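Participant: My structure file target02.cif, mmCIF, C-alpha atoms, is below:
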```cif
data_work
#
loop_
_atom_site.label_atom_id
_atom_site.label_comp_id
_atom_site.auth_asym_id
_atom_site.auth_seq_id
_atom_site.Cartn_x
_atom_site.Cartn_y
_atom_site.Cartn_z
CA MET A 1 115.97 147.45 85.19
CA ASP A 2 116.58 144.11 83.49
CA ASP A 3 119.05 141.73 85.01
CA PRO A 4 121.83 141.32 82.39
CA ASP A 5 122.00 137.62 83.21
CA GLU A 6 118.34 137.20 82.32
CA THR A 7 118.85 138.67 78.85
CA LEU A 8 121.77 136.33 78.20
CA VAL A 9 119.84 133.37 79.56
CA LYS A 10 116.89 134.12 77.25
CA GLN A 11 119.22 134.30 74.27
CA SER A 12 120.81 131.00 75.33
CA GLN A 13 117.37 129.47 75.69
CA SER A 14 116.58 130.46 72.13
CA GLY A 15 119.60 128.45 70.96
CA ASP A 16 122.47 130.92 70.86
CA PRO A 17 125.57 129.32 72.46
CA ALA A 18 127.50 132.59 72.08
CA ALA A 19 125.15 134.18 74.62
CA PHE A 20 126.18 131.56 77.15
CA GLU A 21 129.86 132.50 76.92
CA PRO A 22 129.65 135.74 78.98
CA LEU A 23 127.72 133.84 81.65
CA MET A 24 130.43 131.25 81.79
CA VAL A 25 133.18 133.87 81.97
CA LYS A 26 131.32 135.66 84.75
CA TYR A 27 130.74 132.63 86.94
CA GLN A 28 133.57 130.21 86.14
CA ARG A 29 135.76 131.31 89.06
CA MET A 30 132.87 131.14 91.49
CA ILE A 31 132.01 127.59 90.41
CA TYR A 32 135.64 126.55 90.31
CA SER A 33 136.15 127.87 93.81
CA LEU A 34 133.13 125.95 95.07
CA ALA A 35 134.30 122.74 93.38
CA TYR A 36 137.79 123.10 94.81
CA ARG A 37 136.50 123.70 98.31
CA MET A 38 134.24 120.67 97.99
CA THR A 39 136.88 118.31 96.57
CA GLY A 40 140.25 119.65 97.67
CA SER A 41 141.61 118.79 94.23
CA LEU A 42 142.50 121.20 91.42
CA ASP A 43 141.99 118.62 88.69
CA ASP A 44 138.63 117.49 90.02
CA ALA A 45 137.56 121.11 90.47
CA GLU A 46 138.39 121.75 86.83
CA ASP A 47 136.42 118.71 85.65
CA LEU A 48 133.46 119.61 87.84
CA THR A 49 133.42 123.22 86.67
CA GLN A 50 133.37 122.06 83.07
CA GLU A 51 130.66 119.52 83.85
CA THR A 52 128.58 122.20 85.57
CA PHE A 53 128.56 124.56 82.58
CA ILE A 54 127.83 121.80 80.12
CA ARG A 55 124.94 120.56 82.24
CA ALA A 56 123.65 124.10 82.71
CA TYR A 57 123.68 124.80 78.98
CA ARG A 58 122.01 121.53 78.10
CA ASN A 59 119.26 122.20 80.62
CA ILE A 60 118.98 125.93 80.11
CA ALA A 61 115.36 125.51 78.98
CA SER A 62 114.41 124.38 82.47
CA TYR A 63 115.62 127.62 84.07
CA ARG A 64 112.51 129.64 84.93
CA ALA A 65 113.91 132.70 86.69
CA ALA A 66 112.24 131.68 89.96
CA SER A 67 115.69 132.17 91.46
CA LYS A 68 118.75 134.08 90.30
CA PHE A 69 120.74 132.45 87.53
CA SER A 70 123.78 132.27 89.82
CA THR A 71 121.75 130.38 92.43
CA TRP A 72 120.47 127.96 89.80
CA LEU A 73 124.01 127.43 88.54
CA TYR A 74 125.24 126.96 92.09
CA ARG A 75 122.66 124.23 92.60
CA ILE A 76 123.88 122.38 89.51
CA ALA A 77 127.49 122.71 90.67
CA MET A 78 126.70 121.51 94.17
CA ASN A 79 124.83 118.48 92.83
CA ALA A 80 127.77 117.72 90.55
CA CYS A 81 130.13 117.92 93.55
CA LEU A 82 127.94 115.65 95.68
CA ASN A 83 127.61 113.13 92.83
CA TRP A 84 131.35 113.30 92.30
CA ARG A 85 131.82 112.34 95.92
CA GLN A 86 129.59 109.30 95.46
CA ARG A 87 131.47 108.29 92.32
CA GLU A 88 134.79 108.69 94.15
CA THR A 89 133.59 106.53 97.04
CA MET A 90 132.43 103.82 94.65
CA ARG A 91 135.74 103.95 92.81
CA ALA A 92 137.65 103.71 96.07
CA ASN A 93 135.62 100.67 97.10
CA VAL A 94 136.24 98.90 93.81
CA GLN A 95 139.96 99.55 93.61
CA THR A 96 141.48 97.65 96.49
CA HIS A 97 144.95 99.04 95.87
CA TRP A 98 143.75 102.54 95.30
CA VAL A 99 146.32 105.07 96.32
CA GLU A 100 145.28 108.61 96.86
CA THR A 101 147.26 110.91 94.61
CA GLU A 102 148.46 113.82 96.59
CA GLU A 103 150.14 115.72 93.75
CA ASP A 104 147.01 117.65 92.86
CA ARG A 105 145.97 118.18 96.46
CA VAL A 106 147.58 121.53 96.78
CA PRO A 107 147.26 123.04 100.25
CA LEU A 108 145.20 126.19 100.30
CA ALA A 109 147.25 129.23 99.67
CA GLY A 110 148.21 131.31 102.63
CA SER A 111 149.18 129.40 105.68
CA ASP A 112 149.41 126.23 107.63
CA ALA A 113 146.23 127.37 109.37
CA GLY A 114 144.38 127.44 106.06
CA ALA A 115 145.59 123.95 105.20
CA ARG A 116 144.44 122.46 108.51
CA VAL A 117 141.01 124.12 108.25
CA HIS A 118 140.63 122.78 104.75
CA ALA A 119 141.77 119.33 105.85
CA ALA A 120 139.18 119.42 108.61
CA LEU A 121 136.47 120.49 106.14
CA LEU A 122 137.35 117.58 103.86
CA LYS A 123 136.85 115.20 106.80
CA LEU A 124 133.20 116.26 107.06
CA SER A 125 130.54 114.36 105.16
CA PRO A 126 129.92 115.98 101.75
CA LYS A 127 126.46 117.17 102.76
CA GLN A 128 127.73 118.77 105.96
CA ARG A 129 130.60 120.34 104.05
CA ALA A 130 128.16 121.71 101.48
CA ALA A 131 126.03 123.24 104.23
CA ILE A 132 129.08 124.88 105.83
CA MET A 133 130.42 126.18 102.51
CA LEU A 134 127.10 127.65 101.46
CA THR A 135 126.16 129.26 104.75
CA ILE A 136 129.49 130.36 106.20
CA TYR A 137 131.88 130.73 103.28
CA ASP A 138 129.41 131.95 100.64
CA GLY A 139 127.07 133.69 103.08
CA PHE A 140 123.79 132.17 101.88
CA SER A 141 120.97 132.11 104.41
CA HIS A 142 119.83 128.71 105.64
CA ALA A 143 116.68 129.08 103.52
CA GLU A 144 118.72 129.79 100.38
CA ALA A 145 121.10 126.92 101.11
CA ALA A 146 118.07 124.66 101.57
CA LYS A 147 116.83 125.62 98.10
CA ILE A 148 120.21 124.96 96.55
CA LEU A 149 120.60 121.58 98.23
CA GLY A 150 116.94 120.64 97.85
CA CYS A 151 116.24 119.88 101.49
CA PRO A 152 114.31 121.49 104.36
CA GLU A 153 115.78 124.53 106.08
CA ALA A 154 115.80 122.64 109.39
CA THR A 155 118.07 120.01 107.82
CA ILE A 156 120.55 122.70 106.84
CA SER A 157 120.50 124.15 110.36
CA TRP A 158 121.11 120.71 111.82
CA ARG A 159 123.97 119.95 109.41
CA VAL A 160 125.61 123.28 110.18
CA PHE A 161 125.23 122.68 113.91
CA VAL A 162 126.77 119.19 113.77
CA ALA A 163 129.52 120.25 111.35
CA ARG A 164 130.50 123.22 113.53
CA GLY A 165 130.84 120.90 116.52
CA ARG A 166 133.07 118.50 114.60
CA LEU A 167 135.24 121.22 113.11
CA LYS A 168 135.76 122.82 116.51
CA ARG A 169 136.74 119.48 118.03
CA TRP A 170 139.18 118.59 115.24
CA LEU A 171 140.75 122.02 115.12
CA THR A 172 141.12 122.10 118.90
CA ILE A 173 142.81 118.68 118.87
CA TYR A 174 145.16 119.94 116.16
CA GLN A 175 146.07 122.98 118.25
CA ASP A 176 146.62 120.82 121.35
CA GLU A 177 148.95 118.52 119.40
CA LYS A 178 150.84 121.45 117.97
CA TYR A 179 151.56 123.16 121.23
CA MET B 1 136.52 127.85 120.15
CA LYS B 2 133.62 130.21 119.46
CA ASN B 3 131.41 130.10 116.38
CA THR B 4 132.73 133.48 115.29
CA ASP B 5 136.34 132.26 115.48
CA LEU B 6 135.50 129.18 113.44
CA ASP B 7 133.63 131.27 110.86
CA LEU B 8 136.64 133.57 110.51
CA GLU B 9 138.93 130.62 109.88
CA ILE B 10 136.57 129.19 107.25
CA LYS B 11 136.14 132.55 105.54
CA GLY B 12 139.92 132.91 105.48
CA LEU B 13 140.26 129.91 103.15
CA ARG B 14 141.67 130.81 99.78
CA VAL B 15 141.57 128.85 96.56
CA PRO B 16 144.88 128.60 94.66
CA GLU B 17 145.02 131.14 91.85
CA ARG B 18 145.13 129.78 88.33
CA ASP B 19 147.03 131.30 85.47
CA PRO B 20 144.90 133.52 83.16
CA ARG B 21 145.93 131.18 80.35
CA PHE B 22 144.23 128.38 82.24
CA TRP B 23 140.91 130.22 82.08
CA GLU B 24 141.26 130.94 78.37
CA ASP B 25 141.91 127.27 77.63
CA PHE B 26 139.08 126.32 79.92
CA GLU B 27 136.58 128.59 78.12
CA ASP B 28 137.68 127.33 74.72
CA ARG B 29 137.31 123.73 75.81
CA VAL B 30 133.84 124.19 77.30
CA LEU B 31 132.59 126.29 74.38
CA LYS B 32 133.81 123.68 71.93
CA GLU B 33 131.90 121.07 73.89
CA LEU B 34 128.78 123.28 73.99
CA ARG B 35 128.83 123.73 70.23
CA THR B 36 129.09 120.02 69.57
CA THR B 37 126.29 119.12 71.97
CA PRO B 38 123.26 121.35 71.37
CA ALA B 39 121.08 122.32 74.29
CA ASN B 40 117.58 121.07 74.79
CA HIS B 41 115.56 124.20 74.07
CA THR B 42 112.18 122.63 74.74
CA PRO B 43 110.94 123.64 78.17
CA PRO B 44 109.91 120.69 80.32
CA GLU B 45 106.21 120.05 80.78
CA PRO B 46 104.77 121.80 83.82
CA MET B 47 104.28 119.66 86.92
CA LEU B 48 100.45 119.73 86.72
CA GLN B 49 100.51 118.59 83.11
CA ARG B 50 102.82 115.72 84.01
CA LEU B 51 100.56 114.79 86.94
CA ALA B 52 97.52 114.85 84.66
CA TRP B 53 99.28 112.53 82.23
CA GLY B 54 100.26 110.21 85.05
CA PHE B 55 96.72 110.14 86.39
CA GLY B 56 95.31 109.51 82.92
CA VAL B 57 97.65 106.59 82.33
CA ALA B 58 96.88 105.13 85.75
CA LEU B 59 93.14 105.42 85.08
CA ALA B 60 93.54 103.80 81.68
CA CYS B 61 95.38 100.89 83.32
CA VAL B 62 92.57 100.42 85.84
CA VAL B 63 89.90 100.50 83.12
CA LEU B 64 91.93 98.08 80.99
CA SER B 65 92.44 95.66 83.82
CA ILE B 66 88.70 95.73 84.61
CA SER B 67 87.69 95.27 80.99
CA THR B 68 90.08 92.37 80.48
CA GLY B 69 88.58 90.64 83.47
CA GLN B 70 91.62 90.97 85.72
CA SER B 71 89.55 92.20 88.59
CA GLY B 72 86.63 89.87 87.92
CA LEU B 73 83.12 90.44 86.64
CA PRO B 74 81.29 90.18 90.00
CA LYS B 75 83.32 93.07 91.31
CA ARG B 76 82.48 95.13 88.25
CA LEU B 77 78.82 94.30 88.65
CA TYR B 78 79.03 95.12 92.32
CA HIS B 79 80.34 98.60 91.55
CA ALA B 80 77.62 99.15 88.97
CA VAL B 81 74.95 98.05 91.41
CA VAL B 82 76.31 100.31 94.12
CA LYS B 83 76.40 103.19 91.69
CA HIS B 84 72.82 102.68 90.50
CA GLU B 85 71.46 101.36 93.77
CA HIS B 86 68.86 104.08 94.20
CA ALA B 87 67.44 103.76 90.66
CA LEU B 88 67.35 99.97 90.92
CA SER B 89 65.53 99.91 94.22
CA GLU B 90 62.97 102.36 92.78
CA SER B 91 62.39 100.03 89.80
CA VAL B 92 61.97 96.99 91.99
CA ARG B 93 59.51 98.89 94.16
CA GLN B 94 57.50 99.99 91.10
CA PHE B 95 57.47 96.56 89.45
CA PRO B 96 57.56 94.03 92.24
CA GLY B 97 58.42 90.56 90.98
CA HIS B 98 58.93 91.68 87.38
CA VAL B 99 62.66 92.49 87.31
CA CYS B 100 64.30 89.25 86.24
CA ALA B 101 67.85 90.37 85.33
CA LEU B 102 70.33 93.22 85.50
CA MET B 103 72.64 93.99 82.57
CA GLN B 104 75.66 96.21 82.35
CA ASP B 105 77.07 97.59 79.10
CA GLU B 106 78.85 100.68 77.90
CA HIS B 107 75.68 102.75 78.31
CA GLY B 108 75.20 101.82 81.94
CA MET B 109 72.96 99.55 83.98
CA TRP B 110 69.82 97.97 82.45
CA LYS B 111 66.88 96.05 83.91
CA VAL B 112 65.37 93.13 82.07
CA MET B 113 61.69 92.91 82.87
CA GLU B 114 59.73 89.67 82.91
CA ASP B 115 57.21 89.42 80.05
CA GLN B 116 53.72 90.31 81.11
CA GLN B 117 51.18 87.54 80.34
#
```
Could you take the file, read its structure, and then write that structure out as structure tokens?
Facilitator:
Amino acid sequence: MDDPDETLVKQSQSGDPAAFEPLMVKYQRMIYSLAYRMTGSLDDAEDLTQETFIRAYRNIASYRAASKFSTWLYRIAMNACLNWRQRETMRANVQTHWVETEEDRVPLAGSDAGARVHAALLKLSPKQRAAIMLTIYDGFSHAEAAKILGCPEATISWRVFVARGRLKRWLTIYQDEKY
Amino acid sequence: MKNTDLDLEIKGLRVPERDPRFWEDFEDRVLKELRTTPANHTPPEPMLQRLAWGFGVALACVVLSISTGQSGLPKRLYHAVVKHEHALSESVRQFPGHVCALMQDEHGMWKVMEDQQ
């Protein structure tokens, strides 16, 4: 049975932007969620989601069905998030009086526990955070995460190992301070 | 803290819900952008084809630099001699003392024989 995504992708590849719309509707929340977890900002997540779909459509001809469309899209989104991080760092270095705007940094819904876990995740390096998000939150295998991030599987395993250690330490410190 | 506990905390993260109106506006905005900027529908060249082009260009550069004398004539002659070493040594053995010059052109290596008296 044909994958419905594949049919829509083929139509998009032949120059029909309307065929891309259902793909966007299907995956926009997934990409938005990834972007939010990577940035911690609603506004940046929105920009990155938009950027991801525009990039995907412009480069739709390069999609070769070697992987699922969602995986390919995920890779574009993750690269956009990692590049965003670099741009943010550069901007922060240039602007000496840069003040972080907290208005759009909405704590994760649910609880104080959720907010502290997210805060700890945002303290990780972007590449470590990406490895944690892909393997633990999204449930990709290390091999799949390696394909998405374009690095060896061993690198993913190492990043996950180091990131776990840091998260445990930070979250334990937080608990010790609280009680 | 165990790995399983940490994983549970990470999996428990939730992203703030957005209003359905937000998604409608979002789709409209992206689709508008997609319609104004057409996609590139030409598939990229396969890797092997790109490598072949790269190799061809590199080879052309080498040939050009040799032909314009960048790498020097003696070196060029040296390569030609090495390449035709067997044939040349056979000629010299067959006509001892009669090979007076070696010439290289686009057709390959040539021997210039001394005139017989």
Participant: With the PyMOL selection byres ((chain A) within 7 of (chain B)) as the selection, what would be picked from this file? Answer as an mmCIF file with C-alpha atoms, in the frame of the given file, please.
Facilitator:
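File produced: part_11.cif:
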```cif
data_model
loop_
_atom_site.group_PDB
_atom_site.id
_atom_site.type_symbol
_atom_site.label_atom_id
_atom_site.label_comp_id
_atom_site.auth_asym_id
_atom_site.auth_seq_id
_atom_site.Cartn_x
_atom_site.Cartn_y
_atom_site.Cartn_z
ATOM 1 C CA GLN A 13 117.370 129.470 75.690
ATOM 2 C CA SER A 14 116.580 130.460 72.130
ATOM 3 C CA GLY A 15 119.600 128.450 70.960
ATOM 4 C CA PRO A 17 125.570 129.320 72.460
ATOM 5 C CA SER A 33 136.150 127.870 93.810
ATOM 6 C CA GLN A 50 133.370 122.060 83.070
ATOM 7 C CA ILE A 54 127.830 121.800 80.120
ATOM 8 C CA TYR A 57 123.680 124.800 78.980
ATOM 9 C CA ARG A 58 122.010 121.530 78.100
ATOM 10 C CA ASN A 59 119.260 122.200 80.620
ATOM 11 C CA ALA A 61 115.360 125.510 78.980
ATOM 12 C CA SER A 62 114.410 124.380 82.470
ATOM 13 C CA LEU A 108 145.200 126.190 100.300
ATOM 14 C CA ALA A 109 147.250 129.230 99.670
ATOM 15 C CA GLY A 114 144.380 127.440 106.060
ATOM 16 C CA VAL A 117 141.010 124.120 108.250
ATOM 17 C CA ILE A 136 129.490 130.360 106.200
ATOM 18 C CA TYR A 137 131.880 130.730 103.280
ATOM 19 C CA LYS A 168 135.760 122.820 116.510
#
```
Participant: I'd like the neighbourhood of A:Met30 as a PDB file with C-alpha atoms, keeping the file's coordinate frame, where a residue qualifies if any of its atoms comes within 12 Å (using only C-alpha atoms), though same-chain residues fewer than 5 positions away should be ignored.
Facilitator:
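See around.pdb below for the written result:
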```pdb
ATOM      1  CA  LEU A  23     127.720 133.840  81.650  1.00  0.00           C
ATOM      2  CA  MET A  24     130.430 131.250  81.790  1.00  0.00           C
ATOM      3  CA  VAL A  25     133.180 133.870  81.970  1.00  0.00           C
ATOM      4  CA  ALA A  35     134.300 122.740  93.380  1.00  0.00           C
ATOM      5  CA  TYR A  36     137.790 123.100  94.810  1.00  0.00           C
ATOM      6  CA  ARG A  37     136.500 123.700  98.310  1.00  0.00           C
ATOM      7  CA  ALA A  45     137.560 121.110  90.470  1.00  0.00           C
ATOM      8  CA  GLU A  46     138.390 121.750  86.830  1.00  0.00           C
ATOM      9  CA  THR A  49     133.420 123.220  86.670  1.00  0.00           C
ATOM     10  CA  THR A  52     128.580 122.200  85.570  1.00  0.00           C
ATOM     11  CA  PHE A  53     128.560 124.560  82.580  1.00  0.00           C
ATOM     12  CA  SER A  70     123.780 132.270  89.820  1.00  0.00           C
ATOM     13  CA  THR A  71     121.750 130.380  92.430  1.00  0.00           C
ATOM     14  CA  LEU A  73     124.010 127.430  88.540  1.00  0.00           C
ATOM     15  CA  TYR A  74     125.240 126.960  92.090  1.00  0.00           C
ATOM     16  CA  ALA A  77     127.490 122.710  90.670  1.00  0.00           C
ATOM     17  CA  MET A  78     126.700 121.510  94.170  1.00  0.00           C
ATOM     18  CA  TYR A 137     131.880 130.730 103.280  1.00  0.00           C
ATOM     19  CA  ASP A 138     129.410 131.950 100.640  1.00  0.00           C
TER      20      ASP A 138
ATOM     21  CA  VAL B  15     141.570 128.850  96.560  1.00  0.00           C
TER      22      VAL B  15
END
```
Participant: Measure the distance from atom CA of B:Val112 to atom CA of B:His79 in Å and round it to one decimal.
Facilitator: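 Here the two named atoms are 18.5 Å from each other.
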Participant: Pick out the residues sitting within 7 Å of stretch 159-162 of chain A, and hand them over as a list in words; count only C-alpha atoms, and ignore anything fewer than 4 positions along from it in its own chain.
Facilitator: Gln128, Ala131, Ile132, Thr155 and Arg166 of chain A
Participant: So how many Å separate atom CA of A:Leu121 and atom CA of B:Asp19, to one decimal?
Facilitator: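 Atom CA of A:Leu121 sits 25.6 Å away from atom CA of B:Asp19.
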